[in-house]
file query_38.txt (compact mmCIF, C-alpha atoms and all ligand atoms)
# COMPACT_ATOMS: atom_id res chain seq x y z
CA MET A 1 13.10 85.22 -138.84
CA SER A 2 9.50 86.08 -139.61
CA PRO A 3 8.56 86.55 -143.24
CA ARG A 4 7.53 90.10 -144.14
CA CYS A 5 4.01 88.84 -144.27
CA TRP A 6 2.29 85.52 -144.60
CA GLU A 7 2.49 84.65 -148.25
CA GLY A 8 -0.45 82.28 -148.55
CA PRO A 9 -3.14 84.65 -149.79
CA ARG A 10 -0.77 86.49 -152.12
CA ILE A 11 0.47 83.32 -153.75
CA ARG A 12 -2.96 81.92 -154.22
CA GLY A 13 -4.78 85.14 -154.90
CA PHE A 14 -8.05 85.96 -153.22
CA HIS A 15 -9.51 82.96 -151.54
CA LEU A 16 -12.88 82.13 -150.37
CA PHE A 17 -12.92 80.19 -147.23
CA GLN A 18 -12.59 76.65 -146.46
CA THR A 19 -14.00 73.76 -144.64
CA VAL A 20 -11.74 71.26 -143.00
CA GLY A 21 -12.40 67.80 -144.21
CA ARG A 22 -14.53 66.60 -147.03
CA ILE A 23 -18.07 67.74 -147.46
CA LYS A 24 -20.48 65.31 -148.96
CA ARG A 25 -22.03 66.85 -152.01
CA GLY A 26 -25.72 66.47 -152.54
CA SER A 27 -26.40 65.05 -149.10
CA ALA A 28 -30.01 65.51 -148.12
CA PRO A 29 -30.69 68.54 -145.96
CA LEU A 30 -31.35 67.53 -142.38
CA ARG A 31 -34.21 69.10 -140.62
CA SER A 32 -32.75 68.50 -137.16
CA GLY A 33 -30.92 66.04 -135.01
CA PHE A 34 -34.22 64.21 -134.63
CA SER A 35 -35.37 61.55 -137.00
CA LEU A 36 -38.48 62.35 -139.00
CA HIS A 37 -40.33 59.79 -136.92
CA GLN A 38 -39.42 61.54 -133.71
CA HIS A 39 -40.18 64.83 -135.36
CA HIS A 40 -43.67 63.79 -136.31
CA ASN A 41 -44.23 62.25 -132.92
CA LYS A 42 -43.60 65.64 -131.47
CA MET A 43 -46.59 66.73 -133.53
CA SER A 44 -46.55 70.45 -134.00
CA GLN A 45 -43.83 70.84 -131.38
CA LYS A 46 -40.77 72.53 -132.76
CA SER A 47 -37.20 71.76 -131.80
CA THR A 48 -35.45 74.35 -129.66
CA LEU A 49 -32.45 76.30 -130.88
CA VAL A 50 -30.65 78.24 -128.15
CA VAL A 51 -28.58 81.18 -129.36
CA PHE A 52 -26.11 82.77 -126.96
CA GLY A 53 -25.12 86.39 -127.48
CA ALA A 54 -28.55 86.94 -129.03
CA THR A 55 -28.40 90.73 -128.78
CA GLY A 56 -24.86 90.89 -130.14
CA SER A 57 -23.26 90.80 -133.58
CA GLN A 58 -22.81 87.06 -134.02
CA GLY A 59 -25.84 85.77 -132.14
CA GLY A 60 -28.00 88.45 -133.75
CA SER A 61 -26.87 87.44 -137.21
CA VAL A 62 -27.52 83.77 -136.47
CA ILE A 63 -31.08 84.52 -135.35
CA ARG A 64 -31.72 86.67 -138.41
CA ALA A 65 -30.41 83.96 -140.75
CA VAL A 66 -32.58 81.32 -139.10
CA GLN A 67 -35.65 83.55 -139.29
CA GLU A 68 -34.98 84.13 -143.00
CA SER A 69 -35.07 80.38 -143.70
CA ALA A 70 -38.60 79.07 -144.04
CA ASP A 71 -37.38 75.53 -143.30
CA LEU A 72 -35.45 76.43 -140.16
CA ALA A 73 -38.13 78.81 -138.94
CA ALA A 74 -40.63 75.95 -139.25
CA GLN A 75 -38.27 73.55 -137.54
CA TYR A 76 -36.98 75.61 -134.64
CA ARG A 77 -38.32 77.83 -131.97
CA VAL A 78 -35.48 80.19 -131.08
CA ARG A 79 -34.44 81.01 -127.55
CA GLY A 80 -32.07 83.96 -127.43
CA VAL A 81 -29.75 84.37 -124.45
CA CYS A 82 -28.24 87.57 -123.09
CA ARG A 83 -27.80 89.04 -119.63
CA ASP A 84 -30.00 92.09 -119.97
CA THR A 85 -33.42 91.35 -121.47
CA ASN A 86 -34.48 94.97 -120.96
CA LYS A 87 -32.13 96.32 -123.62
CA PRO A 88 -33.98 97.71 -126.68
CA ARG A 89 -32.33 95.07 -128.85
CA ALA A 90 -33.63 92.30 -126.59
CA LYS A 91 -37.13 93.75 -126.75
CA LEU A 92 -36.99 93.99 -130.53
CA LEU A 93 -35.94 90.35 -130.71
CA ALA A 94 -38.82 89.32 -128.49
CA GLU A 95 -41.19 91.14 -130.85
CA THR A 96 -39.98 88.90 -133.70
CA GLY A 97 -41.05 85.80 -131.77
CA VAL A 98 -37.74 84.94 -130.09
CA GLU A 99 -37.99 83.74 -126.51
CA VAL A 100 -35.45 86.07 -124.92
CA VAL A 101 -34.01 84.81 -121.65
CA SER A 102 -31.48 86.19 -119.24
CA ALA A 103 -28.49 84.03 -118.28
CA SER A 104 -24.86 84.65 -117.50
CA LEU A 105 -22.30 82.47 -119.22
CA ASN A 106 -20.37 82.64 -115.95
CA ALA A 107 -23.07 80.85 -113.94
CA VAL A 108 -23.61 77.13 -114.51
CA GLU A 109 -27.13 77.20 -113.11
CA ASP A 110 -28.05 79.97 -115.55
CA ILE A 111 -26.61 77.94 -118.41
CA ARG A 112 -28.58 74.89 -117.31
CA ARG A 113 -31.79 76.92 -117.29
CA ALA A 114 -31.05 78.48 -120.65
CA LEU A 115 -30.38 75.10 -122.24
CA GLU A 116 -33.43 73.34 -120.87
CA GLY A 117 -34.94 71.28 -123.68
CA ALA A 118 -32.35 72.50 -126.21
CA ASP A 119 -31.88 70.47 -129.38
CA ALA A 120 -29.34 72.75 -131.04
CA VAL A 121 -27.13 75.48 -129.56
CA PHE A 122 -25.14 78.33 -131.04
CA LEU A 123 -22.44 79.42 -128.61
CA VAL A 124 -20.40 82.59 -128.78
CA THR A 125 -18.32 83.22 -125.69
CA ASP A 126 -17.30 86.55 -124.23
CA TYR A 127 -13.68 87.61 -124.29
CA PRO A 128 -13.35 90.27 -121.59
CA GLY A 129 -10.65 92.22 -123.41
CA ASN A 130 -9.14 94.36 -120.75
CA ASN A 131 -8.48 91.49 -118.39
CA CYS A 132 -6.21 89.90 -120.98
CA ASP A 133 -7.11 86.57 -119.49
CA GLY A 134 -8.80 83.88 -121.54
CA ASN A 135 -9.48 81.60 -118.58
CA LEU A 136 -12.88 83.06 -117.83
CA GLU A 137 -13.92 82.66 -121.46
CA THR A 138 -12.63 79.08 -121.54
CA ARG A 139 -14.62 78.32 -118.41
CA GLN A 140 -17.78 79.71 -120.07
CA GLY A 141 -17.34 77.43 -123.06
CA LYS A 142 -16.54 74.35 -120.98
CA ASN A 143 -19.60 74.96 -118.81
CA VAL A 144 -21.86 75.12 -121.85
CA ALA A 145 -20.22 72.00 -123.31
CA ASP A 146 -20.72 70.10 -120.04
CA VAL A 147 -24.39 71.02 -119.81
CA ALA A 148 -24.90 70.28 -123.53
CA ARG A 149 -23.51 66.83 -122.92
CA GLU A 150 -25.64 66.33 -119.81
CA ILE A 151 -28.86 67.04 -121.65
CA GLY A 152 -27.89 65.43 -124.96
CA VAL A 153 -27.84 68.44 -127.29
CA LYS A 154 -27.91 67.18 -130.89
CA HIS A 155 -25.85 69.95 -132.44
CA LEU A 156 -23.55 72.48 -130.79
CA ILE A 157 -22.22 75.19 -133.08
CA PHE A 158 -19.34 77.02 -131.47
CA SER A 159 -17.80 80.30 -132.59
CA SER A 160 -14.18 79.20 -132.41
CA LEU A 161 -10.75 80.45 -133.46
CA PRO A 162 -7.41 78.70 -134.04
CA SER A 163 -4.80 78.14 -131.35
CA ILE A 164 -2.00 80.68 -131.58
CA LEU A 165 -0.13 78.96 -128.78
CA GLN A 166 -0.01 75.67 -130.68
CA ALA A 167 0.76 77.21 -134.07
CA THR A 168 3.66 79.21 -132.65
CA SER A 169 4.89 76.24 -130.57
CA GLY A 170 4.37 78.27 -127.44
CA ALA A 171 6.27 81.33 -128.69
CA VAL A 172 3.30 83.70 -128.54
CA LEU A 173 1.72 83.56 -125.12
CA ASN A 174 -0.78 86.38 -125.27
CA GLY A 175 -3.10 85.35 -128.09
CA HIS A 176 -5.76 84.90 -125.40
CA GLU A 177 -8.72 85.88 -127.56
CA PHE A 178 -7.92 83.02 -129.94
CA ASP A 179 -6.43 80.53 -127.50
CA ALA A 180 -9.38 80.68 -125.10
CA LYS A 181 -11.66 79.63 -127.94
CA ALA A 182 -9.24 76.99 -129.22
CA ARG A 183 -9.19 75.42 -125.75
CA ILE A 184 -12.99 75.29 -125.77
CA GLU A 185 -12.96 73.67 -129.22
CA ASP A 186 -10.47 71.06 -127.97
CA TYR A 187 -12.67 70.36 -124.98
CA ILE A 188 -15.79 69.96 -127.10
CA ARG A 189 -13.89 67.58 -129.37
CA GLN A 190 -12.63 65.61 -126.35
CA LEU A 191 -16.21 65.23 -125.13
CA ASP A 192 -17.08 64.00 -128.60
CA LEU A 193 -20.11 66.26 -128.78
CA PRO A 194 -21.91 66.55 -132.12
CA ALA A 195 -20.44 69.94 -132.97
CA THR A 196 -19.45 72.32 -135.75
CA PHE A 197 -16.91 75.12 -135.34
CA VAL A 198 -17.54 78.34 -137.22
CA HIS A 199 -14.44 80.52 -136.98
CA ALA A 200 -15.42 84.17 -137.32
CA GLY A 201 -13.25 86.32 -139.55
CA PHE A 202 -12.39 89.98 -139.01
CA TYR A 203 -15.66 91.95 -139.02
CA MET A 204 -15.99 94.34 -142.00
CA GLU A 205 -17.77 96.63 -139.55
CA LEU A 206 -14.39 97.29 -137.94
CA PHE A 207 -13.40 99.18 -141.09
CA ALA A 208 -16.30 101.62 -140.80
CA PRO A 209 -15.73 105.31 -140.02
CA GLY A 210 -14.88 105.87 -136.38
CA GLN A 211 -13.53 102.34 -136.01
CA LEU A 212 -10.30 101.47 -137.82
CA LEU A 213 -11.17 104.04 -140.45
CA LYS A 214 -10.08 107.22 -138.74
CA PRO A 215 -10.89 110.73 -139.86
CA ALA A 216 -7.85 112.57 -141.21
CA THR A 217 -7.38 115.98 -142.75
CA GLY A 218 -6.72 116.06 -146.48
CA GLU A 219 -4.17 118.32 -148.15
CA SER A 220 -6.59 121.16 -148.73
CA GLY A 221 -8.53 120.60 -145.55
CA THR A 222 -11.00 118.29 -147.29
CA GLU A 223 -12.42 115.26 -145.54
CA SER A 224 -10.28 112.15 -145.70
CA TRP A 225 -9.70 108.93 -143.84
CA ALA A 226 -6.70 106.89 -142.78
CA ILE A 227 -6.09 103.27 -141.84
CA SER A 228 -3.01 102.78 -139.67
CA LEU A 229 -2.14 99.24 -138.66
CA PRO A 230 1.04 97.42 -137.60
CA ILE A 231 1.10 95.27 -140.75
CA PRO A 232 2.55 96.01 -144.19
CA THR A 233 -0.03 97.91 -146.19
CA ASP A 234 0.08 95.48 -149.11
CA CYS A 235 -0.25 92.29 -147.07
CA ALA A 236 -3.59 90.64 -147.77
CA VAL A 237 -3.94 89.04 -144.36
CA LEU A 238 -7.26 90.41 -143.10
CA PRO A 239 -10.04 87.81 -143.66
CA LEU A 240 -13.10 90.04 -143.76
CA ILE A 241 -16.68 88.98 -143.09
CA ASP A 242 -19.87 91.00 -143.13
CA ILE A 243 -21.36 89.93 -139.83
CA ILE A 244 -24.68 89.25 -141.57
CA ASP A 245 -22.93 86.49 -143.50
CA TYR A 246 -21.63 84.90 -140.32
CA GLY A 247 -25.19 83.87 -139.47
CA LYS A 248 -25.61 82.42 -142.96
CA MET A 249 -22.64 80.12 -142.37
CA VAL A 250 -24.14 78.93 -139.12
CA ARG A 251 -27.47 78.47 -140.87
CA ALA A 252 -25.79 76.24 -143.47
CA ALA A 253 -24.31 74.14 -140.68
CA LEU A 254 -27.72 73.79 -139.06
CA ILE A 255 -29.39 72.77 -142.31
CA ARG A 256 -26.72 70.28 -143.35
CA ARG A 257 -25.88 69.12 -139.87
CA GLU A 258 -24.38 65.74 -140.72
CA ALA A 259 -22.17 67.14 -143.45
CA PHE A 260 -20.60 69.59 -141.04
CA LEU A 261 -20.34 67.63 -137.80
CA GLY A 262 -16.76 67.81 -136.53
CA LYS A 263 -15.81 70.37 -139.20
CA SER A 264 -14.31 73.82 -138.89
CA LEU A 265 -15.72 76.47 -141.21
CA TYR A 266 -13.79 79.66 -141.82
CA ALA A 267 -16.27 82.49 -141.99
CA ALA A 268 -14.58 85.11 -144.13
CA GLN A 269 -15.37 86.33 -147.62
CA ALA A 270 -11.76 86.94 -148.72
CA TYR A 271 -8.41 88.25 -147.53
CA TYR A 272 -7.79 91.95 -147.94
CA SER A 273 -4.77 94.15 -147.40
CA PRO A 274 -5.07 97.57 -145.73
CA ALA A 275 -4.25 99.12 -149.13
CA GLN A 276 -7.09 97.22 -150.83
CA ILE A 277 -9.51 98.25 -148.12
CA ALA A 278 -8.47 101.88 -148.47
CA SER A 279 -8.73 101.89 -152.25
CA ILE A 280 -12.23 100.37 -152.11
CA VAL A 281 -13.33 103.02 -149.63
CA THR A 282 -11.86 105.76 -151.82
CA ALA A 283 -13.43 104.39 -155.00
CA VAL A 284 -16.90 103.85 -153.52
CA LYS A 285 -17.21 106.90 -151.29
CA GLY A 286 -15.05 109.33 -153.25
CA THR A 287 -13.28 110.26 -150.03
CA PRO A 288 -9.51 109.77 -150.05
CA CYS A 289 -8.31 107.08 -147.67
CA ALA A 290 -4.62 106.78 -146.81
CA VAL A 291 -2.82 103.78 -145.36
CA LYS A 292 0.13 103.66 -143.05
CA GLU A 293 2.15 100.80 -141.62
CA LEU A 294 2.76 101.56 -137.98
CA SER A 295 5.87 100.45 -136.16
CA ASP A 296 5.23 98.43 -133.02
CA GLU A 297 6.16 101.46 -130.92
CA GLU A 298 3.75 103.70 -132.81
CA PHE A 299 0.94 101.19 -132.40
CA LEU A 300 1.58 100.79 -128.67
CA ALA A 301 1.65 104.55 -128.24
CA LEU A 302 -1.80 104.96 -129.85
CA ARG A 303 -4.53 105.95 -127.49
CA PRO A 304 -6.42 102.66 -127.33
CA ARG A 305 -10.03 102.68 -128.41
CA SER A 306 -12.51 103.15 -125.62
CA GLY A 307 -13.10 99.92 -123.77
CA LEU A 308 -9.73 98.62 -124.89
CA SER A 309 -7.81 100.92 -122.68
CA THR A 310 -5.03 98.98 -121.03
CA ARG A 311 -1.46 98.82 -122.24
CA GLU A 312 -1.58 95.05 -121.84
CA ARG A 313 -4.60 94.86 -124.14
CA GLN A 314 -2.84 97.05 -126.70
CA GLU A 315 0.15 94.68 -126.58
CA GLU A 316 -2.19 91.77 -127.07
CA GLN A 317 -3.72 93.48 -130.09
CA LEU A 318 -0.25 94.08 -131.50
CA PHE A 319 0.55 90.38 -131.23
CA MET A 320 -2.72 89.56 -132.97
CA TYR A 321 -1.61 91.64 -135.93
CA HIS A 322 1.80 89.94 -135.86
CA TRP A 323 0.01 86.62 -135.86
CA MET A 324 -2.02 87.58 -138.92
CA ARG A 325 1.06 88.94 -140.66
CA ASP A 326 3.37 86.01 -139.92
CA TYR A 327 1.09 82.98 -139.75
CA GLY A 328 -2.27 84.02 -141.19
CA TYR A 329 -5.42 84.69 -139.13
CA TYR A 330 -6.52 81.09 -139.65
CA GLY A 331 -3.05 79.70 -139.03
CA GLY A 332 -2.33 79.33 -142.74
CA ALA A 333 -5.32 77.17 -143.55
CA PRO A 334 -6.01 77.39 -147.28
CA LEU A 335 -9.12 79.39 -147.91
CA ASP A 336 -11.27 78.04 -150.64
CA GLY A 337 -14.44 76.12 -150.81
CA ASN A 338 -16.95 78.36 -149.04
CA HIS A 339 -19.14 77.78 -152.07
CA GLU A 340 -19.42 74.25 -150.70
CA VAL A 341 -20.90 75.63 -147.52
CA ILE A 342 -23.32 78.16 -148.92
CA ARG A 343 -24.24 78.64 -152.54
CA GLU A 344 -24.91 82.39 -152.49
CA PRO A 345 -21.87 84.67 -152.69
CA LEU A 346 -20.77 86.33 -149.47
CA GLN A 347 -20.76 90.09 -149.20
CA THR A 348 -17.59 91.69 -150.57
CA PHE A 349 -16.00 94.63 -148.80
CA GLU A 350 -17.00 96.79 -151.74
CA GLY A 351 -20.62 95.70 -151.38
CA PHE A 352 -20.41 96.34 -147.67
CA VAL A 353 -19.17 99.91 -148.15
CA LYS A 354 -21.92 100.52 -150.71
CA THR A 355 -24.73 99.23 -148.54
CA SER A 356 -23.76 99.60 -144.88
CA THR A 357 -25.46 102.35 -142.91
CA ALA A 358 -22.14 102.80 -141.11
CA PHE A 359 -20.96 104.63 -144.24
CA SER A 360 -24.06 106.69 -144.90
N1 LIG B 401 -14.67 91.60 -133.73
C1 LIG B 401 -14.20 90.62 -134.51
O1 LIG B 401 -13.73 90.88 -135.65
C2 LIG B 401 -14.23 89.22 -134.01
C3 LIG B 401 -13.75 88.21 -134.85
C4 LIG B 401 -13.78 86.89 -134.41
C5 LIG B 401 -14.28 86.60 -133.14
N2 LIG B 401 -14.73 87.61 -132.33
C6 LIG B 401 -15.25 87.20 -131.00
O2 LIG B 401 -16.63 87.48 -130.92
C7 LIG B 401 -17.00 87.46 -129.55
C8 LIG B 401 -17.99 88.57 -129.32
O3 LIG B 401 -19.12 88.33 -130.11
P1 LIG B 401 -19.96 89.53 -130.71
O4 LIG B 401 -19.08 90.33 -131.59
O5 LIG B 401 -21.20 88.97 -131.22
O6 LIG B 401 -20.20 90.37 -129.35
P2 LIG B 401 -21.16 91.59 -129.05
O7 LIG B 401 -21.74 92.17 -130.30
O8 LIG B 401 -20.43 92.49 -128.11
O9 LIG B 401 -22.35 90.89 -128.23
C9 LIG B 401 -22.12 90.14 -127.06
C10 LIG B 401 -23.38 89.34 -126.75
O10 LIG B 401 -23.11 88.42 -125.70
C11 LIG B 401 -23.92 88.74 -124.56
N3 LIG B 401 -23.02 88.53 -123.42
C12 LIG B 401 -21.86 89.17 -123.15
N4 LIG B 401 -21.31 88.68 -122.03
C13 LIG B 401 -22.13 87.69 -121.59
C14 LIG B 401 -22.11 86.82 -120.47
N5 LIG B 401 -21.12 86.84 -119.57
N6 LIG B 401 -23.12 85.94 -120.31
C15 LIG B 401 -24.16 85.90 -121.20
N7 LIG B 401 -24.23 86.70 -122.27
C16 LIG B 401 -23.23 87.60 -122.47
C17 LIG B 401 -24.37 90.19 -124.78
O11 LIG B 401 -25.60 90.52 -124.20
P3 LIG B 401 -25.67 91.17 -122.71
O12 LIG B 401 -24.67 92.26 -122.66
O13 LIG B 401 -27.09 91.58 -122.48
O14 LIG B 401 -25.30 90.03 -121.84
C18 LIG B 401 -24.53 90.20 -126.30
O15 LIG B 401 -25.74 89.57 -126.65
C19 LIG B 401 -15.72 87.65 -128.73
O16 LIG B 401 -15.43 86.44 -128.07
C20 LIG B 401 -14.67 87.96 -129.81
O17 LIG B 401 -13.41 87.48 -129.43
C21 LIG B 401 -14.75 88.90 -132.75
call {"tool": "encode", "arguments": {"input": "query_38.txt", "output": "structure tokens"}}
result
Amino acid sequence: MSPRCWEGPRIRGFHLFQTVGRIKRGSAPLRSGFSLHQHHNKMSQKSTLVVFGATGSQGGSVIRAVQESADLAAQYRVRGVCRDTNKPRAKLLAETGVEVVSASLNAVEDIRRALEGADAVFLVTDYPGNNCDGNLETRQGKNVADVAREIGVKHLIFSSLPSILQATSGAVLNGHEFDAKARIEDYIRQLDLPATFVHAGFYMELFAPGQLLKPATGESGTESWAISLPIPTDCAVLPLIDIIDYGKMVRAALIRREAFLGKSLYAAQAYYSPAQIASIVTAVKGTPCAVKELSDEEFLALRPRSGLSTRERQEEQLFMYHWMRDYGYYGGAPLDGNHEVIREPLQTFEGFVKTSTAFS
């Protein structure tokens, strides 16, 4: 029988996140996969960092973090990949000096073109939610891994997630969004590519108004919000990350490449329960926020958010919450040690609510 909720975070209190394996303290920052000799031989030529999903949340935060680092900005020219280079976000990126190129992750020739001359690559794959099929995503990741191997990429940083299928010994079959990425990670490891895996936590942005924070009517008709999820309200199983901090984790992996090769980093600031999230929102914004634990039936009956409109997708989402509740989002991995990855503190949910324009 499943426990009421995964006990890890509650036993250990709030955890920062963890790296798998030992991290060498005080190891010299690496400027790239190239030796200094090669670097100087390239004269003023910079190395090339290719960032997939450049106009999206993760890729965008990676580019921003790299641009904020004087060392990395001096070391890398950034090539940002998306499909539509005419989008305003793509044009804005180009104005900041990013070479924005169009390529589909579903076309090997596009990938080959996008990776031409690449020294380092950040890869985030696309999970096409409504299809409820991770095979396309897995193919995207394998294609990039194959081309990276072909051209000898020195550092591949992949936005991965744990395998639900493995952790549940095959009991949960529809954790596609995680399993597709876990299969890619396995493949990259099999190819023995120089890689780091940065597992993205649950975006704090998802708890902004209009997302999982729904408008509700207060007792006297005053404004209020509600969070309704199919997990116990006091279970601290949601590993939240401000997406801006995701890029900082990737930046740390780029800077200390050797220390993080082969490692998995868990990009989350801390675990939160729905009740904690609600009380932070109430305290910071002064607007009451209620929490409710939904039964499975209630969750499935919800009108799915736009773009996530199929019943199958809603079932998949339900299982994702069960996974978090029963096993932990990161499969029960202990979450401490993010201070070993980056020295600056990650954004707390309270800080996010105070500063995010989504709440203004
Ligand atoms: N939301 C969460 O809490 C969470 C947590 C962990 C992991 N994730 C994972 O994060 C991934 C999504 O990343 P995100 O949040 O950064 O997405 P996003 O904000 O929706 O951005 C997607 C980016 O990828 C590009 N893109 C989409 N499909 C593409 C394709 N077929 N070929 C080339 N480029 C493509 C998009 O640009 P164009 O549209 O111009 O191509 C855009 O730049 C998903 O795999 C999801 O499972 C999400």
call {"tool": "residues_near_ligand", "arguments": {"input": "query_38.txt", "ligand": "ligand LIG 401 (chain B)", "cutoff": "9 Å", "atoms": "all atoms listed in the file", "output": "number ranges by chain"}}
result
A: 52-61, 80-87, 89-90, 102-107, 111, 124-129, 137, 140, 159-161, 177-178, 180-181, 199-206, 240-241, 243
call {"tool": "closest_residue", "arguments": {"input": "query_38.txt", "among": "A:Glu298, A:Glu185, A:Asp326, A:Glu293", "to": "A:Lys263", "atoms": "all atoms listed in the file"}}
result
A:Glu185
call {"tool": "atom_distance", "arguments": {"input": "query_38.txt", "atom1": "atom CA of A:Glu116", "atom2": "atom CA of A:Gly97"}}
result
18.2 Å
call {"tool": "closest_residue", "arguments": {"input": "query_38.txt", "among": "A:Gly175, A:Pro230, A:Pro334, A:Gly351", "to": "A:Ser295", "atoms": "only C-alpha atoms"}}
result
A:Pro230
call {"tool": "closest_residue", "arguments": {"input": "query_38.txt", "among": "A:Thr196, A:Asn174, A:Gln75, A:Thr222", "to": "A:Asn131", "atoms": "only C-alpha atoms"}}
result
A:Asn174
call {"tool": "axis_aligned_box", "arguments": {"input": "query_38.txt", "around": "stretch 145-155 of chain A", "padding_each_side": "3 Å", "output": "JSON"}}
result
{"center_x": -24.5, "center_y": 68.7, "center_z": -126.1, "size_x": 14.6, "size_y": 12.6, "size_z": 18.6}
call {"tool": "closest_residue", "arguments": {"input": "query_38.txt", "among": "A:Arg183, A:Val250, A:Pro239, A:Leu213", "to": "A:Ile63", "atoms": "only C-alpha atoms"}}
result
A:Val250
call {"tool": "residues_around", "arguments": {"input": "query_38.txt", "residues": "A:Leu193", "least_positions_apart": "3", "cutoff": "9 Å", "atoms": "all atoms listed in the file", "output": "NGL selection string"}}
result
:A and (145 or 148-149 or 152-156 or 188-190 or 262)
call {"tool": "residues_around", "arguments": {"input": "query_38.txt", "residues": "A:Tyr330", "least_positions_apart": "2", "cutoff": "8 Å", "atoms": "only C-alpha atoms", "output": "list in words"}}
result
Leu161, Pro162, Tyr266, Met324, Tyr327, Gly328, Gly332 and Ala333 of chain A
call {"tool": "closest_residue", "arguments": {"input": "query_38.txt", "among": "A:Glu95, A:Ile157, A:Trp6, A:Ile244", "to": "A:Val51", "atoms": "all atoms listed in the file"}}
result
A:Ile157
call {"tool": "residues_around", "arguments": {"input": "query_38.txt", "residues": "A:Ala275", "least_positions_apart": "3", "cutoff": "12 Å", "atoms": "all atoms listed in the file", "output": "ChimeraX atom specification"}}
result
/A:226-229,231-238,271-272,278-282,288-293
call {"tool": "atom_distance", "arguments": {"input": "query_38.txt", "atom1": "atom CA of A:Val78", "atom2": "atom CA of A:Ala253"}}
result
15.9 Å
call {"tool": "atom_distance", "arguments": {"input": "query_38.txt", "atom1": "atom CA of A:Glu150", "atom2": "atom CA of A:Val62"}}
result
24.2 Å
call {"tool": "closest_residue", "arguments": {"input": "query_38.txt", "among": "A:Glu340, A:Glu350, A:Asp133, A:Asp146", "to": "A:Val108", "atoms": "all atoms listed in the file"}}
result
A:Asp146
call {"tool": "residues_around", "arguments": {"input": "query_38.txt", "residues": "A:Leu72", "least_positions_apart": "6", "cutoff": "10 Å", "atoms": "all atoms listed in the file", "output": "NGL selection string"}}
result
:A and (31-32 or 46-47 or 49 or 65-66 or 78 or 251 or 254-255)
